[in-house]
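Colleague: My questions all concern the structure below.
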Amino acid sequence: MDLRQLTPDISVSPQILPQDVAALADAGFRVLINNRPDEEAEPGQDSETIARLAREAGLEYHYIPFHPGQITPDMVTAFGAAMDSAGPKMAYCRSGNRSTVLWALSQAGRIPEAELVEIATRAGYDLTPVRGLIRSLGS
């Protein structure tokens with residue numbers, strides 16, 4: 001697992017494996033956010049399997065599939081609601097980029113745009129393609 005901490009409250013990762021779910025709970029995470037659409041996932045990594053494993057591990061689970069280039073207001077709202085959940089959170093997709101984008105969009109107006117970009121850059125993600133959207137949501 002390649003966890004990349006964005007803030008003390010949220011980390012992102014590329015695709016996790018089923019056995020990673022219990023390890024995340026053991027590491028102190030309380031919320032798991034899956035941004036990888038089922039049609040991209042390998043067998044055994046689908047949202048139903050991960051949701052079951054998350055429940056068994058005592059994690060709150062959110063499935064917010066993000067198809068590349070298809071950001072919707074509902075996705076940003078859902079990610080923001082997941083961020084309001086108590087405890088450390090971990091979000092994942094294929095590479096962690098889409099999870100980082102949704103996090104940044106959900107935090108627009110709460111965290112300054114330049115800081116969002118800097119946090120993502122430190123984690124290895126580029127928010128340049130969505131800076132205009134961050135700016136518009138933050139106004």
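In the structure tokens, each chain is lettered A, B, ... as it comes, each chain's residues begin at 1, and ligands are numbered from 1 in order of appearance.
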Which residues are near Leu24 in chain A? Cut-off 10 Å, only C-alpha atoms, ignore same chain within fewer than 3 positions. Put them as a PyMOL selection string.
Modeller: chain A and resi 1+3+16+19-21+27-32+54+57+59+89-90
Colleague: Compile the contact shell of Ala120 in chain A as number ranges by chain: residues with an atom at most 12 Å away, counting only C-alpha atoms, same-chain residues fewer than 3 positions apart removed.
Modeller: A: 4-7, 10-12, 96-105, 113-117, 123-128, 130-131
Colleague: Set the distance at 10 Å and use only C-alpha atoms: which residues neighbour Cys93 in chain A once local chain neighbours fewer than 4 positions away are removed? I'd like the list as a PDB file with N, CA and C atoms, in the first residue's frame.
Modeller:
```pdb
ATOM      1  N   VAL A  12      -4.404   9.394   0.936  1.00  0.00           N
ATOM      2  CA  VAL A  12      -4.874   8.800  -0.309  1.00  0.00           C
ATOM      3  C   VAL A  12      -3.909   7.699  -0.714  1.00  0.00           C
ATOM      4  N   SER A  13      -4.385   6.845  -1.617  1.00  0.00           N
ATOM      5  CA  SER A  13      -3.577   5.709  -2.042  1.00  0.00           C
ATOM      6  C   SER A  13      -4.034   5.239  -3.404  1.00  0.00           C
ATOM      7  N   PRO A  14      -3.122   4.614  -4.139  1.00  0.00           N
ATOM      8  CA  PRO A  14      -3.565   3.845  -5.300  1.00  0.00           C
ATOM      9  C   PRO A  14      -4.396   2.657  -4.811  1.00  0.00           C
ATOM     10  N   GLN A  15      -4.928   1.905  -5.743  1.00  0.00           N
ATOM     11  CA  GLN A  15      -5.786   0.755  -5.444  1.00  0.00           C
ATOM     12  C   GLN A  15      -5.261  -0.065  -4.263  1.00  0.00           C
ATOM     13  N   ILE A  16      -6.153  -0.356  -3.336  1.00  0.00           N
ATOM     14  CA  ILE A  16      -5.792  -1.222  -2.221  1.00  0.00           C
ATOM     15  C   ILE A  16      -6.220  -2.653  -2.526  1.00  0.00           C
ATOM     16  N   ILE A  33     -12.815   5.558   1.803  1.00  0.00           N
ATOM     17  CA  ILE A  33     -13.532   6.152   0.667  1.00  0.00           C
ATOM     18  C   ILE A  33     -12.984   5.529  -0.609  1.00  0.00           C
ATOM     19  N   ASN A  34     -13.859   4.861  -1.347  1.00  0.00           N
ATOM     20  CA  ASN A  34     -13.485   4.185  -2.589  1.00  0.00           C
ATOM     21  C   ASN A  34     -13.942   5.047  -3.767  1.00  0.00           C
ATOM     22  N   ASN A  35     -12.995   5.570  -4.529  1.00  0.00           N
ATOM     23  CA  ASN A  35     -13.309   6.375  -5.718  1.00  0.00           C
ATOM     24  C   ASN A  35     -13.071   5.621  -7.018  1.00  0.00           C
ATOM     25  N   ARG A  36     -12.772   4.339  -6.940  1.00  0.00           N
ATOM     26  CA  ARG A  36     -12.477   3.549  -8.137  1.00  0.00           C
ATOM     27  C   ARG A  36     -13.749   2.870  -8.635  1.00  0.00           C
ATOM     28  N   PRO A  37     -14.193   3.189  -9.854  1.00  0.00           N
ATOM     29  CA  PRO A  37     -15.383   2.534 -10.399  1.00  0.00           C
ATOM     30  C   PRO A  37     -15.176   1.021 -10.492  1.00  0.00           C
ATOM     31  N   GLU A  40     -13.339  -0.757 -13.333  1.00  0.00           N
ATOM     32  CA  GLU A  40     -11.881  -0.654 -13.402  1.00  0.00           C
ATOM     33  C   GLU A  40     -11.176  -1.642 -12.469  1.00  0.00           C
ATOM     34  N   ALA A  41     -11.903  -2.123 -11.474  1.00  0.00           N
ATOM     35  CA  ALA A  41     -11.284  -2.937 -10.424  1.00  0.00           C
ATOM     36  C   ALA A  41     -11.125  -4.389 -10.854  1.00  0.00           C
ATOM     37  N   ILE A  64     -17.787   6.276  -3.871  1.00  0.00           N
ATOM     38  CA  ILE A  64     -18.037   7.460  -4.702  1.00  0.00           C
ATOM     39  C   ILE A  64     -17.227   7.272  -5.981  1.00  0.00           C
ATOM     40  N   PRO A  65     -17.757   6.473  -6.919  1.00  0.00           N
ATOM     41  CA  PRO A  65     -16.979   6.182  -8.135  1.00  0.00           C
ATOM     42  C   PRO A  65     -16.744   7.436  -8.970  1.00  0.00           C
ATOM     43  N   PHE A  66     -15.511   7.596  -9.422  1.00  0.00           N
ATOM     44  CA  PHE A  66     -15.089   8.764 -10.191  1.00  0.00           C
ATOM     45  C   PHE A  66     -14.478   8.259 -11.492  1.00  0.00           C
ATOM     46  N   HIS A  67     -15.257   8.367 -12.564  1.00  0.00           N
ATOM     47  CA  HIS A  67     -14.745   8.015 -13.892  1.00  0.00           C
ATOM     48  C   HIS A  67     -13.885   9.177 -14.378  1.00  0.00           C
ATOM     49  N   ASN A  97      -4.882   9.929  -7.634  1.00  0.00           N
ATOM     50  CA  ASN A  97      -5.090  11.264  -8.185  1.00  0.00           C
ATOM     51  C   ASN A  97      -6.555  11.700  -8.106  1.00  0.00           C
ATOM     52  N   ARG A  98      -7.475  10.848  -8.549  1.00  0.00           N
ATOM     53  CA  ARG A  98      -8.891  11.242  -8.523  1.00  0.00           C
ATOM     54  C   ARG A  98      -9.366  11.481  -7.087  1.00  0.00           C
ATOM     55  N   SER A  99      -8.871  10.679  -6.144  1.00  0.00           N
ATOM     56  CA  SER A  99      -9.229  10.899  -4.734  1.00  0.00           C
ATOM     57  C   SER A  99      -8.698  12.249  -4.258  1.00  0.00           C
ATOM     58  N   THR A 100      -7.488  12.596  -4.684  1.00  0.00           N
ATOM     59  CA  THR A 100      -6.906  13.887  -4.312  1.00  0.00           C
ATOM     60  C   THR A 100      -7.705  15.030  -4.920  1.00  0.00           C
TER      61      THR A 100
END
```
Colleague: With DSSP run on the backbone, what are the strand (DSSP E or B) residues within range 33-128 of chain A? I'd like them as a PDB file with N, CA, C and O atoms, in the first residue's frame.
Modeller:
```pdb
ATOM      1  N   ILE A  33     -12.815   5.558   1.803  1.00  0.00           N
ATOM      2  CA  ILE A  33     -13.532   6.152   0.667  1.00  0.00           C
ATOM      3  C   ILE A  33     -12.984   5.529  -0.609  1.00  0.00           C
ATOM      4  O   ILE A  33     -11.803   5.663  -0.919  1.00  0.00           O
ATOM      5  N   ASN A  34     -13.859   4.861  -1.347  1.00  0.00           N
ATOM      6  CA  ASN A  34     -13.485   4.185  -2.589  1.00  0.00           C
ATOM      7  C   ASN A  34     -13.942   5.047  -3.767  1.00  0.00           C
ATOM      8  O   ASN A  34     -15.139   5.213  -3.984  1.00  0.00           O
ATOM      9  N   GLU A  60     -16.112   2.890   8.552  1.00  0.00           N
ATOM     10  CA  GLU A  60     -17.190   3.523   7.797  1.00  0.00           C
ATOM     11  C   GLU A  60     -16.745   3.505   6.338  1.00  0.00           C
ATOM     12  O   GLU A  60     -15.581   3.789   6.039  1.00  0.00           O
ATOM     13  N   TYR A  61     -17.653   3.167   5.418  1.00  0.00           N
ATOM     14  CA  TYR A  61     -17.272   2.997   4.018  1.00  0.00           C
ATOM     15  C   TYR A  61     -18.136   3.879   3.130  1.00  0.00           C
ATOM     16  O   TYR A  61     -19.353   3.951   3.313  1.00  0.00           O
ATOM     17  N   HIS A  62     -17.485   4.531   2.153  1.00  0.00           N
ATOM     18  CA  HIS A  62     -18.184   5.365   1.171  1.00  0.00           C
ATOM     19  C   HIS A  62     -17.708   4.962  -0.220  1.00  0.00           C
ATOM     20  O   HIS A  62     -16.499   4.940  -0.474  1.00  0.00           O
ATOM     21  N   TYR A  63     -18.652   4.679  -1.092  1.00  0.00           N
ATOM     22  CA  TYR A  63     -18.325   4.361  -2.491  1.00  0.00           C
ATOM     23  C   TYR A  63     -18.769   5.541  -3.340  1.00  0.00           C
ATOM     24  O   TYR A  63     -19.960   5.821  -3.478  1.00  0.00           O
ATOM     25  N   LYS A  89      -9.230   9.354   7.744  1.00  0.00           N
ATOM     26  CA  LYS A  89      -9.831   8.842   6.515  1.00  0.00           C
ATOM     27  C   LYS A  89      -8.757   8.430   5.520  1.00  0.00           C
ATOM     28  O   LYS A  89      -7.687   9.015   5.495  1.00  0.00           O
ATOM     29  N   MET A  90      -9.115   7.435   4.680  1.00  0.00           N
ATOM     30  CA  MET A  90      -8.242   7.030   3.582  1.00  0.00           C
ATOM     31  C   MET A  90      -9.117   6.878   2.349  1.00  0.00           C
ATOM     32  O   MET A  90     -10.148   6.214   2.393  1.00  0.00           O
ATOM     33  N   ALA A  91      -8.709   7.542   1.274  1.00  0.00           N
ATOM     34  CA  ALA A  91      -9.435   7.461   0.006  1.00  0.00           C
ATOM     35  C   ALA A  91      -8.514   6.865  -1.042  1.00  0.00           C
ATOM     36  O   ALA A  91      -7.306   7.108  -1.025  1.00  0.00           O
ATOM     37  N   TYR A  92      -9.095   6.083  -1.953  1.00  0.00           N
ATOM     38  CA  TYR A  92      -8.263   5.478  -2.990  1.00  0.00           C
ATOM     39  C   TYR A  92      -9.005   5.410  -4.316  1.00  0.00           C
ATOM     40  O   TYR A  92     -10.227   5.459  -4.386  1.00  0.00           O
ATOM     41  N   ALA A 108     -12.387  23.215  -1.177  1.00  0.00           N
ATOM     42  CA  ALA A 108     -12.324  24.558  -1.768  1.00  0.00           C
ATOM     43  C   ALA A 108     -13.174  25.512  -0.933  1.00  0.00           C
ATOM     44  O   ALA A 108     -14.313  25.207  -0.579  1.00  0.00           O
ATOM     45  N   ILE A 111      -9.893  25.643   2.602  1.00  0.00           N
ATOM     46  CA  ILE A 111      -8.441  25.717   2.554  1.00  0.00           C
ATOM     47  C   ILE A 111      -8.094  26.555   1.321  1.00  0.00           C
ATOM     48  O   ILE A 111      -8.662  26.334   0.250  1.00  0.00           O
TER      49      ILE A 111
END
```
Colleague: For a quick check of understanding, using only C-alpha atoms, which of A:Gly87, A:Pro43, A:Pro18, A:Gly80 has the smallest distance to Gly109 in chain A?
Modeller: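 Smallest distance to Gly109 in chain A is found for A:Gly80.
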Colleague: Do you have the CA of Pro8 in chain A-CA of Arg135 in chain A distance handy?
Modeller: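 According to the coordinates, CA of Pro8 in chain A and CA of Arg135 in chain A are separated by 23.3 Å.
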Colleague: With only C-alpha atoms as the basis for distance, which of A:Thr121, A:Ser136, A:Ser95, A:Ser85 is at the shortest distance from Pro68 in chain A?
Modeller: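 When distances to Pro68 in chain A are compared using only C-alpha atoms, the smallest one comes from A:Ser95.
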Colleague: Enter the distance from CA of Glu56 in chain A to CA of Ala22 in chain A, in Å, rounded to one decimal.
Modeller: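 Taking CA of Glu56 in chain A and CA of Ala22 in chain A, their separation equals 8.2 Å.
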Colleague: Give me, as a list in words, all polymer residues having an atom no more than 10 Å from Glu42 in chain A, counting only C-alpha atoms and skipping those fewer than 4 positions away in the same chain.
Modeller: Gln15, Leu17, Asp38 and Asp46 of chain A
Colleague: One decimal, in Å: what's the spacing between CA of Thr49 in chain A and CA of Pro88 in chain A?
Modeller: 21.4 Å
Colleague: Once DSSP has gone over the backbone, tell me which residues of chain A are in helix (DSSP H, G or I), as a PyMOL selection string.
Modeller: chain A and resi 20-26+38-40+47-57+73-83+97-107+113-123+128-138
Colleague: When you count only C-alpha atoms, which of these residues is closest to Arg94 in chain A: A:Arg122, A:Val76, A:Asp2, A:Ala25?
Modeller: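 Nearest to Arg94 in chain A: A:Asp2.
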